[in-house]
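Structure record follows, encoded as structure tokens.
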Protein chains: 2
Amino acid sequence: MQVDIGNALDSVATPGVSRESLERLDERVADAHERILEGVDDREHGYAALELPETADPDEIRATTDPIDCETLLVVGIGGSALGAATIADALDLDIDVYTLDNVDPEGVRNLLDSIDLSKTALHVVSRSGTTAETLANFLVVREAMDTAGIDWTDRTLVTTGSKGNLRKLAERHDLPVLSVPADVPGRFSALSSVALPTAALGGGDVEGLLSGARAESETLSGSLFSCPAYAYGATSYALAQRGWTINAMMPYADSLETFSEWFAQLWAESLGKDGVGQLPARALGATDQHSQLQLYRAGPRNAMVTLLRPNERSDIAIPETELEGISYLGGSSLGELLDAEFEATEASLANAGRPNIRVEIERVDAHELGGLLYGMEAACILAGELFSVPTFTQPAVEWGKNAARGLLGGESEEMREIEGKHECLID
Amino acid sequence: MQVDIGNALDSVATPGVSRESLERLDERVADAHERILEGVDDREHGYAALELPETADPDEIRATTDPIDCETLLVVGIGGSALGAATIADALDLDIDVYTLDNVDPEGVRNLLDSIDLSKTALHVVSRSGTTAETLANFLVVREAMDTAGIDWTDRTLVTTGSKGNLRKLAERHDLPVLSVPADVPGRFSALSSVALPTAALGGGDVEGLLSGARAESETLSGSLFSCPAYAYGATSYALAQRGWTINAMMPYADSLETFSEWFAQLWAESLGKDGVGQLPARALGATDQHSQLQLYRAGPRNAMVTLLRPNERSDIAIPETELEGISYLGGSSLGELLDAEFEATEASLANAGRPNIRVEIERVDAHELGGLLYGMEAACILAGELFSVPTFTQPAVEWGKNAARGLLGGESEEMREIEGKHECLID
């Protein structure tokens, strides 16, 4: 990926980042890079994610998925167990339909099950612990639906899980194909592994391309933000957050990257949002959200930086010449040219209002470039975590709610008792 | 809709809103309500939206759409011309497939056109001015695709536009069915009109139900936030924004309301985000985003309030009993019960961390309740606009970019010249 931070500088943005402050920050980037390399070398929890281009095994993934023949893939997982697969499926041109069952809304589940042919559907169940409530509940429901339809679910189910636990035992008992989640890689950093790559493999996608792109990106990591796109992105976003830009709107100009924004949002929110710091990742889509969010980004509170992401190449569609008045400038042009003009105009429009933005470009939306983008953003996030001094690879704040939900379902919740009686309703 | 602001009070949230400050604010609410009523009575620009339950004409809409027979509907519009229709289509159980062509990504447009049968597709082209670049470009492309496929587009095209301009002339020339956008109703407030209701009508949806729900909600408007759910929502969100909660995460616990969040995001961002104030609407989905965004909402910067939205009733799915360890508490329960437990646990989890949240409930996801929700949020937004003292119904900050984009496509842009030479690229 290419990164341009010019519109985050104080010559454009108010407040922006001065060149001098970036040079001072670069000393911390050098130290953080050393720390990251050490973490990678020692395969420390989290840092191990940056080794996936080397440690993921595309041959094992293909050998495991090849026997499964399907027209539709249902990925049953949530959060990091779903978003990588969804991102790959929506970005690449796969030859199967992919759905992620990552919510437990009964009406949503019913609509999905009613709309697909289960006899041509493969299930990929993904949970490290084998106890994730939403994932296991959905798996039980889908398994029963297949049973009811007289379909042998054991023929069509692939599992990615930890080295022990429910799903591992289930796989052994029913002789299911099973892959291991990589050790010490948190879910949100696991796209380039047995968690999400099976989606590409099952759909005839370029697994090796994803990994080679990630590998190429890993080779750009260096001890200076001025020579490393990923660190330039992470360090500048951090510097902007320090100056009050506590929202990062991720705005790809490509429908196929809309789900990438969801993936990025989890990565950025769960990794950095702790101890009172972090940056809220707002999900946007260009050019659509120019007609929805841009008014606020340009004229609302001075707290939202915008990341403008685009592929440099796309297959295009000419706009036909027209008899209609006032839009003759469109005729002879193309949808891609219109989209590019909107991208550049939005970037300029934000700059003109002193709102910081960062441009991220990839060559095109393909496996190689997507692999590089995913890897680059993971590295950016890990660097930002070092600069924020947060524990990047944990998500402690979600535990309280998980326990409370389990207690509520079981009829007894210590957590809910803790807050009883604090709530007062004022509306008649 | 029902609204519960208990978790926004200072007994729970830090900083929260004290009962006393709400009582003082209620005097401003009373004044704002008077101002709003005056605007409605005088059919002033924007305020006229609150009269749509009376002024929209379901018979005219049905008469216009009834002759069109389709299995698929393509809504060609952007922003307020698309999001109301998409919200209705995704929330209600329509008997057609609805797609919105609201971006000009050539690859996205191509994928969509390749995936539908144009001979069974109706087009609804929506643009007040008839010159919206994205909408007109897409219309020209789809029209040509129909021509190429030997399909008479004039048989299958419905137009909603202003009283003059390109699309009006086009409709007259080709004798197309045409509806008028309501006067003085900005796009983002036009869901309950000829802009979005044709989607319901074409899909066999309950147009009258949408309007009757809106009418019922309109009857709850009164001069006190303590007796009006919509104003309770608008005033409390405003009061929280004043205390630093400049992000409003809209988190429905229903897949069918995910697109409602998109609609809300435009309403809230474009109406309130101006003059340096406003609140950024983050789009979330429960329970999915508990595994993505909740860590940040609970432990990141103290700037994100959360709106938790749910239907009280849903058709449910039982979770089968299981042999799997550690999840026996799920068996005998249901997906709906799990989702509800997660909703309540998330609400409590945020409250326990002193993070303000507002609960919004509707009875179920149907036309009547959806109409009430859309209307209620519009009224909440108009009230918040009065309290923020912003011009709620304009979107001046998007004009600069529109002009710049037009200039770029035409080869000449004053706007782009303005900012030339300010940009400096620092990355090697």
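Going through the structure tokens in order, the chains are called A, B, and so on, while each chain numbers its residues from 1 and the ligands are numbered from 1 in the order shown.
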* **segment 139-144 of chain A surroundings by only C-alpha atoms, 9 Å radius, close-in-sequence under 6 positions cut, as a list in words** => Val76, Gly77, Val109, Leu113, Leu123, Val125, Asp152, Trp153 and Thr154 of chain A; Ile317, Ala318, Ile319, Pro320, Glu321, Thr322 and Leu335 of chain B
Those selected residues, please, written with N, CA and C atoms and delivered as a tab-separated table (two decimals), in the first residue's frame.
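Output (again-v9.tsv):
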chain	number	residue	atom	x	y	z
A	76	VAL	N	-19.44	-19.63	10.15
A	76	VAL	CA	-20.09	-19.44	11.45
A	76	VAL	C	-19.01	-19.02	12.43
A	77	GLY	N	-19.02	-17.75	12.76
A	77	GLY	CA	-18.02	-17.19	13.66
A	77	GLY	C	-18.46	-15.77	13.99
A	109	VAL	N	-31.18	-15.14	10.96
A	109	VAL	CA	-30.72	-16.52	10.74
A	109	VAL	C	-31.74	-17.27	9.88
A	113	LEU	N	-31.08	-18.94	6.23
A	113	LEU	CA	-31.23	-20.39	6.00
A	113	LEU	C	-32.30	-20.66	4.94
A	123	LEU	N	-20.14	-25.56	5.71
A	123	LEU	CA	-20.05	-24.78	6.95
A	123	LEU	C	-18.59	-24.66	7.35
A	125	VAL	N	-16.93	-23.54	10.72
A	125	VAL	CA	-17.17	-23.10	12.10
A	125	VAL	C	-15.85	-22.67	12.71
A	152	ASP	N	-26.27	-34.73	5.57
A	152	ASP	CA	-25.26	-35.14	6.54
A	152	ASP	C	-24.29	-33.98	6.78
A	153	TRP	N	-24.47	-33.30	7.90
A	153	TRP	CA	-23.64	-32.12	8.17
A	153	TRP	C	-22.16	-32.48	8.30
A	154	THR	N	-21.88	-33.73	8.68
A	154	THR	CA	-20.47	-34.09	8.86
A	154	THR	C	-19.71	-34.14	7.53
B	317	ILE	N	-36.09	-18.71	17.28
B	317	ILE	CA	-35.58	-20.04	16.92
B	317	ILE	C	-35.00	-20.67	18.18
B	318	ALA	N	-35.46	-21.87	18.51
B	318	ALA	CA	-34.93	-22.56	19.68
B	318	ALA	C	-33.49	-23.03	19.42
B	319	ILE	N	-32.67	-22.96	20.44
B	319	ILE	CA	-31.31	-23.52	20.33
B	319	ILE	C	-31.39	-24.98	20.76
B	320	PRO	N	-30.99	-25.92	19.89
B	320	PRO	CA	-31.09	-27.34	20.24
B	320	PRO	C	-30.25	-27.68	21.47
B	321	GLU	N	-30.70	-28.66	22.22
B	321	GLU	CA	-29.89	-29.20	23.33
B	321	GLU	C	-28.60	-29.75	22.75
B	322	THR	N	-27.55	-29.75	23.55
B	322	THR	CA	-26.26	-30.15	23.01
B	322	THR	C	-25.45	-31.00	23.98
B	335	LEU	N	-32.36	-18.31	20.24
B	335	LEU	CA	-31.51	-17.23	19.72
B	335	LEU	C	-32.01	-15.87	20.20
* **Exercise: segment 219-231 of chain B partners within 8 Å, only C-alpha atoms, chain neighbours under 6 positions left out, as a VMD selection string** => (chain A and resid 426 to 428) or (chain B and resid 1 to 3 26 to 27 29 to 31 33 to 34 376 to 377 379 to 380 383)
Could you turn the residues from that selection into a file that holds N, CA and C atoms, as a short mmCIF file (atom, residue, chain, number, x, y, z; two decimals), in the first residue's frame?
data_model
loop_
_atom_site.label_atom_id
_atom_site.label_comp_id
_atom_site.auth_asym_id
_atom_site.auth_seq_id
_atom_site.Cartn_x
_atom_site.Cartn_y
_atom_site.Cartn_z
N LEU A 426 -37.13 8.39 33.47
CA LEU A 426 -37.76 9.71 33.68
C LEU A 426 -38.93 10.00 32.74
N ILE A 427 -39.06 9.19 31.71
CA ILE A 427 -40.07 9.52 30.69
C ILE A 427 -41.41 8.89 31.07
N ASP A 428 -42.47 9.65 30.97
CA ASP A 428 -43.81 9.12 31.29
C ASP A 428 -44.18 8.00 30.33
N MET B 1 -42.24 4.67 19.35
CA MET B 1 -41.02 4.15 19.97
C MET B 1 -41.01 4.54 21.46
N GLN B 2 -40.39 3.66 22.23
CA GLN B 2 -40.19 3.98 23.64
C GLN B 2 -38.72 4.35 23.84
N VAL B 3 -38.48 5.31 24.73
CA VAL B 3 -37.13 5.80 24.98
C VAL B 3 -36.86 5.78 26.47
N ASP B 26 -35.48 21.53 29.67
CA ASP B 26 -36.86 21.34 29.24
C ASP B 26 -37.56 22.66 28.90
N GLU B 27 -37.09 23.75 29.50
CA GLU B 27 -37.66 25.06 29.13
C GLU B 27 -37.29 25.37 27.68
N VAL B 29 -36.70 23.10 25.47
CA VAL B 29 -37.46 22.16 24.65
C VAL B 29 -38.86 22.73 24.37
N ALA B 30 -39.46 23.32 25.38
CA ALA B 30 -40.80 23.90 25.19
C ALA B 30 -40.77 24.99 24.12
N ASP B 31 -39.76 25.85 24.20
CA ASP B 31 -39.63 26.91 23.19
C ASP B 31 -39.38 26.31 21.80
N HIS B 33 -40.21 23.44 20.73
CA HIS B 33 -41.43 22.80 20.24
C HIS B 33 -42.37 23.82 19.61
N GLU B 34 -42.48 24.98 20.24
CA GLU B 34 -43.30 26.06 19.67
C GLU B 34 -42.77 26.45 18.29
N GLY B 376 -40.09 9.47 14.56
CA GLY B 376 -39.59 9.86 15.88
C GLY B 376 -38.15 10.36 15.80
N MET B 377 -37.32 9.69 15.01
CA MET B 377 -35.93 10.12 14.91
C MET B 377 -35.81 11.43 14.14
N ALA B 379 -38.07 13.84 14.24
CA ALA B 379 -38.47 14.86 15.22
C ALA B 379 -37.36 15.09 16.24
N ALA B 380 -36.72 13.99 16.67
CA ALA B 380 -35.60 14.11 17.63
C ALA B 380 -34.49 14.96 17.03
N LEU B 383 -35.48 18.66 16.80
CA LEU B 383 -35.35 19.27 18.12
C LEU B 383 -33.87 19.50 18.46
#
* Can you list every residue in segment 259-383 of chain A that DSSP puts in strand (DSSP E), as a PyMOL selection string? -> chain A and resi 280-283+304-311+357-362
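Here atom CA of Asp66 of chain A and atom CA of Ser190 of chain A stand 21.2 Å from one another.
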* Give me the residues within 8 Å of Ala348 of chain A as number ranges by chain, counting only C-alpha atoms and dropping any in the same chain fewer than 5 places off. => B: 401, 416, 419
* **DSSP helix (DSSP H, G or I) residues within segment 91-265 of chain B, as a ChimeraX atom specification** => /B:91,106-115,118-120,133-148,153-155,166-174,187-189,197-202,207-218,225-227,229-242,255-265
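Here atom CA of Glu424 of chain B stands at a distance of 18.4 Å from atom CA of Gly234 of chain A.
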* Do you know which residues are at most 7 Å from Ala353 of chain A counting only C-alpha atoms, after dropping those on the same chain fewer than 3 positions away, and could you put them as a ChimeraX atom specification? -> /A:298,349-350
Since we have the selection now, will you write its residues out, keeping N, CA and C atoms, as a compact mmCIF listing (two decimals), in the first residue's frame?
# COMPACT_ATOMS: atom_id res chain seq x y z
N ARG A 298 -16.52 17.63 7.44
CA ARG A 298 -15.93 18.90 7.03
C ARG A 298 -16.29 20.06 7.96
N SER A 349 -11.48 18.97 -0.48
CA SER A 349 -12.52 19.68 0.28
C SER A 349 -12.23 19.63 1.78
N LEU A 350 -11.78 18.46 2.25
CA LEU A 350 -11.42 18.33 3.66
C LEU A 350 -10.18 19.18 3.96
* Asked: Near Tyr375 of chain A, within 8 Å and counting only C-alpha atoms, which residues show up once chain neighbours fewer than 4 positions away are dropped, as a PyMOL selection string?
  -> chain A and resi 50+214+217-218+371+379
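By only C-alpha atoms, and with residues fewer than 6 positions from Gln395 of chain A along its chain excluded, the set lying at most 8 Å from it is Glu270 and Ser271 of chain A; Gln295 of chain B.
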Extract, using only C-alpha atoms, all DNA, RNA and protein residues at most 10 Å from Gly150 of chain B, discarding same-chain residues fewer than 5 positions from it, and format them as an mmCIF file with C-alpha atoms, in the first residue's frame.
data_model
loop_
_atom_site.group_PDB
_atom_site.id
_atom_site.type_symbol
_atom_site.label_atom_id
_atom_site.label_comp_id
_atom_site.auth_asym_id
_atom_site.auth_seq_id
_atom_site.Cartn_x
_atom_site.Cartn_y
_atom_site.Cartn_z
ATOM 1 C CA LEU B 118 -33.074 -6.682 -16.268
ATOM 2 C CA SER B 119 -36.193 -7.889 -18.078
ATOM 3 C CA GLU B 144 -28.017 1.700 -22.039
ATOM 4 C CA ALA B 145 -27.737 -1.796 -20.533
#
* Asked: In Å, how far is it from atom CA of Lys169 of chain A to atom CA of Ser127 of chain A?
  -> 12.9 Å
